[in-house]
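Undergrad: Next up, structure-v3.cif (mmCIF, C-alpha atoms).
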```cif
data_run
#
loop_
_atom_site.label_atom_id
_atom_site.label_comp_id
_atom_site.auth_asym_id
_atom_site.auth_seq_id
_atom_site.Cartn_x
_atom_site.Cartn_y
_atom_site.Cartn_z
CA MET A 113 4.04 7.58 10.14
CA GLU A 114 7.26 8.60 11.92
CA LYS A 115 7.31 11.93 10.06
CA GLY A 116 3.74 12.61 11.17
CA ILE A 117 4.67 12.45 14.86
CA GLU A 118 8.16 13.93 14.53
CA GLY A 119 8.78 16.39 17.35
CA LEU A 120 5.81 15.19 19.40
CA ASP A 121 6.32 13.80 22.90
CA VAL A 122 3.79 10.96 22.89
CA GLY A 123 3.33 9.51 26.37
CA VAL A 124 0.00 7.79 25.77
CA LEU A 125 -1.37 6.54 22.47
CA ILE A 126 -5.05 5.65 22.24
CA ASN A 127 -5.62 3.92 18.94
CA ASN A 128 -9.36 4.17 18.40
CA ALA A 129 -9.41 4.01 14.60
CA GLY A 130 -11.67 1.35 13.16
CA LEU A 131 -13.62 0.57 10.02
CA SER A 132 -16.29 -2.01 9.21
CA TYR A 133 -18.99 -2.72 6.62
CA PRO A 134 -21.98 -0.43 6.05
CA TYR A 135 -24.16 -3.47 6.82
CA ALA A 136 -23.75 -7.20 7.45
CA LYS A 137 -22.48 -9.14 4.42
CA PHE A 138 -21.39 -12.63 3.51
CA PHE A 139 -17.62 -12.78 3.04
CA HIS A 140 -17.80 -13.20 -0.75
CA GLU A 141 -20.04 -10.12 -1.02
CA VAL A 142 -17.56 -7.70 0.56
CA ASP A 143 -16.14 -5.33 -2.04
CA VAL A 144 -12.40 -5.85 -2.51
CA GLU A 145 -11.65 -2.13 -2.05
CA LEU A 146 -13.65 -2.06 1.20
CA MET A 147 -11.78 -5.17 2.35
CA LYS A 148 -8.45 -3.47 1.66
CA SER A 149 -9.59 -0.33 3.51
CA ILE A 150 -10.71 -2.27 6.58
CA ILE A 151 -7.38 -4.09 6.73
CA LYS A 152 -5.44 -0.86 6.15
CA VAL A 153 -7.24 1.06 8.91
CA ASN A 154 -7.71 -1.70 11.50
CA VAL A 155 -4.48 -3.70 11.07
CA GLU A 156 -1.93 -1.45 9.42
CA GLY A 157 -3.03 1.65 11.33
CA ALA A 158 -2.54 0.03 14.75
CA THR A 159 0.73 -1.55 13.65
CA TRP A 160 2.42 1.49 12.13
CA ILE A 161 1.34 4.06 14.72
CA SER A 162 2.50 1.76 17.54
CA ARG A 163 5.84 1.31 15.83
CA ALA A 164 6.17 5.06 15.36
CA VAL A 165 5.62 6.00 19.04
CA LEU A 166 7.63 3.20 20.65
CA PRO A 167 11.14 4.68 20.17
CA GLY A 168 10.19 7.82 22.14
CA MET A 169 8.57 5.77 24.89
CA LEU A 170 11.63 3.52 25.08
CA LYS A 171 13.90 6.56 25.51
CA LYS A 172 11.76 7.78 28.43
CA LYS A 173 11.34 4.23 29.78
CA LYS A 174 7.62 4.83 30.15
CA GLY A 175 4.47 5.12 28.10
CA ALA A 176 1.19 3.47 27.29
CA ILE A 177 -0.56 2.23 24.17
CA VAL A 178 -4.26 1.45 24.32
CA ASN A 179 -5.64 -0.26 21.24
CA ILE A 180 -9.40 -0.40 20.95
CA GLY A 181 -10.48 -3.89 19.94
CA SER A 182 -13.87 -5.53 19.70
CA GLY A 183 -15.67 -8.07 21.82
CA SER A 184 -16.70 -9.63 18.52
CA SER A 185 -13.19 -11.03 18.15
CA VAL A 186 -12.43 -12.22 21.66
CA ALA A 187 -15.58 -12.68 23.72
CA VAL A 188 -18.10 -14.44 21.51
CA SER A 189 -17.82 -17.77 19.76
CA SER A 190 -18.71 -16.30 16.37
CA TYR A 191 -19.76 -13.04 14.76
CA PRO A 192 -21.36 -13.94 11.45
CA LEU A 193 -21.43 -11.71 8.38
CA HIS A 194 -18.52 -9.58 9.58
CA ALA A 195 -15.55 -11.88 8.85
CA ILE A 196 -13.03 -9.26 7.74
CA TYR A 197 -13.84 -6.80 10.54
CA VAL A 198 -13.68 -9.50 13.22
CA ALA A 199 -10.44 -10.92 11.82
CA THR A 200 -8.79 -7.49 11.87
CA LYS A 201 -9.88 -6.88 15.45
CA ALA A 202 -8.56 -10.34 16.43
CA TYR A 203 -5.24 -9.19 14.97
CA VAL A 204 -5.36 -6.05 17.12
CA ALA A 205 -6.02 -8.13 20.26
CA MET A 206 -3.17 -10.59 19.61
CA PHE A 207 -0.79 -7.88 18.40
CA SER A 208 -1.44 -5.97 21.64
CA LYS A 209 -0.78 -9.07 23.77
CA CYS A 210 2.47 -9.83 21.96
CA ILE A 211 3.98 -6.36 22.10
CA SER A 212 2.76 -5.96 25.69
CA LEU A 213 5.02 -8.85 26.69
CA GLU A 214 7.89 -7.42 24.65
CA TYR A 215 7.80 -3.95 26.23
CA ARG A 216 6.26 -4.38 29.70
CA LYS A 217 9.63 -4.69 31.47
CA ARG A 218 10.81 -1.56 29.67
CA GLY A 219 8.13 0.61 31.31
CA ILE A 220 5.56 0.59 28.52
CA ASP A 221 2.03 -0.65 29.22
CA ILE A 222 0.18 -1.93 26.15
CA GLN A 223 -3.44 -3.03 26.26
CA CYS A 224 -6.32 -3.90 24.00
CA GLN A 225 -9.66 -2.79 25.43
CA TRP A 226 -13.13 -3.82 24.33
CA CYS A 227 -16.63 -3.90 25.73
CA LEU A 228 -19.33 -6.51 25.34
CA THR A 229 -22.13 -7.76 27.55
CA ASN A 230 -22.93 -11.43 27.15
CA ALA A 231 -25.11 -13.51 29.42
CA LEU A 232 -26.29 -16.03 26.80
CA PRO A 233 -24.97 -19.53 26.09
CA ASP A 234 -22.74 -19.58 22.99
CA ALA A 235 -25.16 -21.59 20.81
CA LEU A 236 -28.02 -19.20 21.56
CA LEU A 237 -25.81 -16.15 21.08
CA ASP A 238 -24.59 -17.53 17.72
CA TRP A 239 -28.18 -17.99 16.55
CA CYS A 240 -29.24 -14.54 17.81
CA LEU A 241 -26.30 -12.82 16.13
CA LEU A 242 -26.90 -14.61 12.83
CA TRP A 243 -30.62 -13.76 12.92
CA TYR A 244 -29.87 -10.13 13.79
CA PHE A 245 -27.19 -9.66 11.14
CA LEU A 246 -29.28 -11.33 8.45
CA GLY A 247 -31.91 -8.67 9.19
CA VAL A 248 -29.30 -5.90 9.00
CA ARG A 249 -28.04 -7.40 5.75
CA ARG A 250 -31.55 -7.50 4.28
CA ARG A 251 -32.10 -3.81 5.07
CA GLY A 252 -28.75 -2.94 3.50
CA LEU A 253 -29.52 -4.94 0.37
CA VAL A 254 -32.86 -3.16 0.01
CA LYS A 255 -31.07 0.22 0.21
CA ASP A 256 -28.56 -0.93 -2.42
CA MET A 257 -31.34 -2.13 -4.75
CA GLU A 258 -33.27 1.12 -4.33
CA ALA A 259 -30.15 3.15 -5.12
CA THR A 260 -29.46 1.03 -8.22
CA GLU A 261 -33.06 1.40 -9.44
CA LYS A 262 -32.89 5.16 -8.89
CA LYS A 263 -29.66 5.39 -10.93
CA GLN A 264 -31.22 3.34 -13.74
CA LYS A 265 -34.32 5.56 -13.86
CA ASN A 266 -32.31 8.80 -13.71
CA PRO A 267 -29.03 8.19 -15.59
#
```
For the file at hand, write its structure as structure tokens.
TA:
Amino acid sequence: MEKGIEGLDVGVLINNAGLSYPYAKFFHEVDVELMKSIIKVNVEGATWISRAVLPGMLKKKKGAIVNIGSGSSVAVSSYPLHAIYVATKAYVAMFSKCISLEYRKRGIDIQCQWCLTNALPDALLDWCLLWYFLGVRRRGLVKDMEATEKKQKNP
């Protein structure tokens, strides 16, 4: 990562990379390769790019890192059928808080931003999210089945 930014004067980093599932899935249904990709992009990406830009910001005694999180990991009581995505975004939120405290007095502002509107009680929101994501999951499963049938008919 350091070689990729070598020679650049990075004053502000906005880390907006993120990856999730194509549709809602139970944890045991998530493909291992997709799981690895989500963790690599959401966790490792934020970690390594932050580490790469910090030395330059420390030299200048100023800078900012804005990590884009998700309300699914910090603002709602649960976010069913997206366990890996939500866990990686929870990492981004806590990682941002921790390094913010480490570097704030050295002139570097680090934040994790997210957006979510929620005016429902947690129990109702949990039920609504589960109902919604089960519907999304069903539509995704139908697409997968249709694609499999098509492959079997036309090998």
Undergrad: Apply the PyMOL selection byres ((chain A and resi 129) around 8) to the structure shown and report the selected residues as a VMD selection string.
TA: chain A and resid 127 to 128 130 to 131 153 to 154 157 to 158 180
Undergrad: Write out as a PyMOL selection string each polymer residue whose atoms come within 10 Å of stretch 194-211 of chain A, counting only C-alpha atoms; drop sequence neighbours fewer than 3 positions from it.
TA: chain A and resi 130-133+135-140+142+146-148+150-159+162+177-186+190-191+214-216+220-226+245
Undergrad: Between A:Val165, A:Leu246, A:Ala259, A:Leu193, which is the closest to A:Glu141 once you count all atoms listed in the file?
TA: A:Leu193
Undergrad: Could you tell me how far atom CA of A:Met169 sits from atom CA of A:Leu125, in Å to one decimal place?
TA: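 Straight-line distance from atom CA of A:Leu125 to atom CA of A:Met169 works out to 10.3 Å.
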Undergrad: I'd like the interatomic distance between atom CA of A:Leu120 and atom CA of A:Lys217, to a tenth of an Å.
TA: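 Here the two named atoms are 23.6 Å from each other.
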Undergrad: Would you pick out the contacts of A:Gly252 at 8 Å or less, using all atoms listed in the file, so that residues sharing its chain but fewer than 2 positions from it are not included, and give the list as number ranges by chain?
TA: A: 134-136, 248-250, 254-256
Undergrad: Do a neighbour search on A:Gly168 at 12 Å with all atoms listed in the file, toss out local chain neighbours closer than 3 positions, and write the hits as a count of residues only.
TA: 22
Undergrad: For atom CA of A:Pro192 and atom CA of A:Met257, quote the distance in Å rounded to one decimal.
TA: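 Atom CA of A:Met257 lies 22.4 Å from atom CA of A:Pro192.
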Undergrad: Please return the centre and edge lengths, in Å to one decimal, of a box with edges along x, y and z that contains all listed atoms of stretch 236-243 of chain A, widened by 4 Å on every side, as AutoDock Vina command-line options.
TA:
```
--center_x -27.6 --center_y -16.0 --center_z 17.2 --size_x 14.0 --size_y 14.4 --size_z 16.7
```
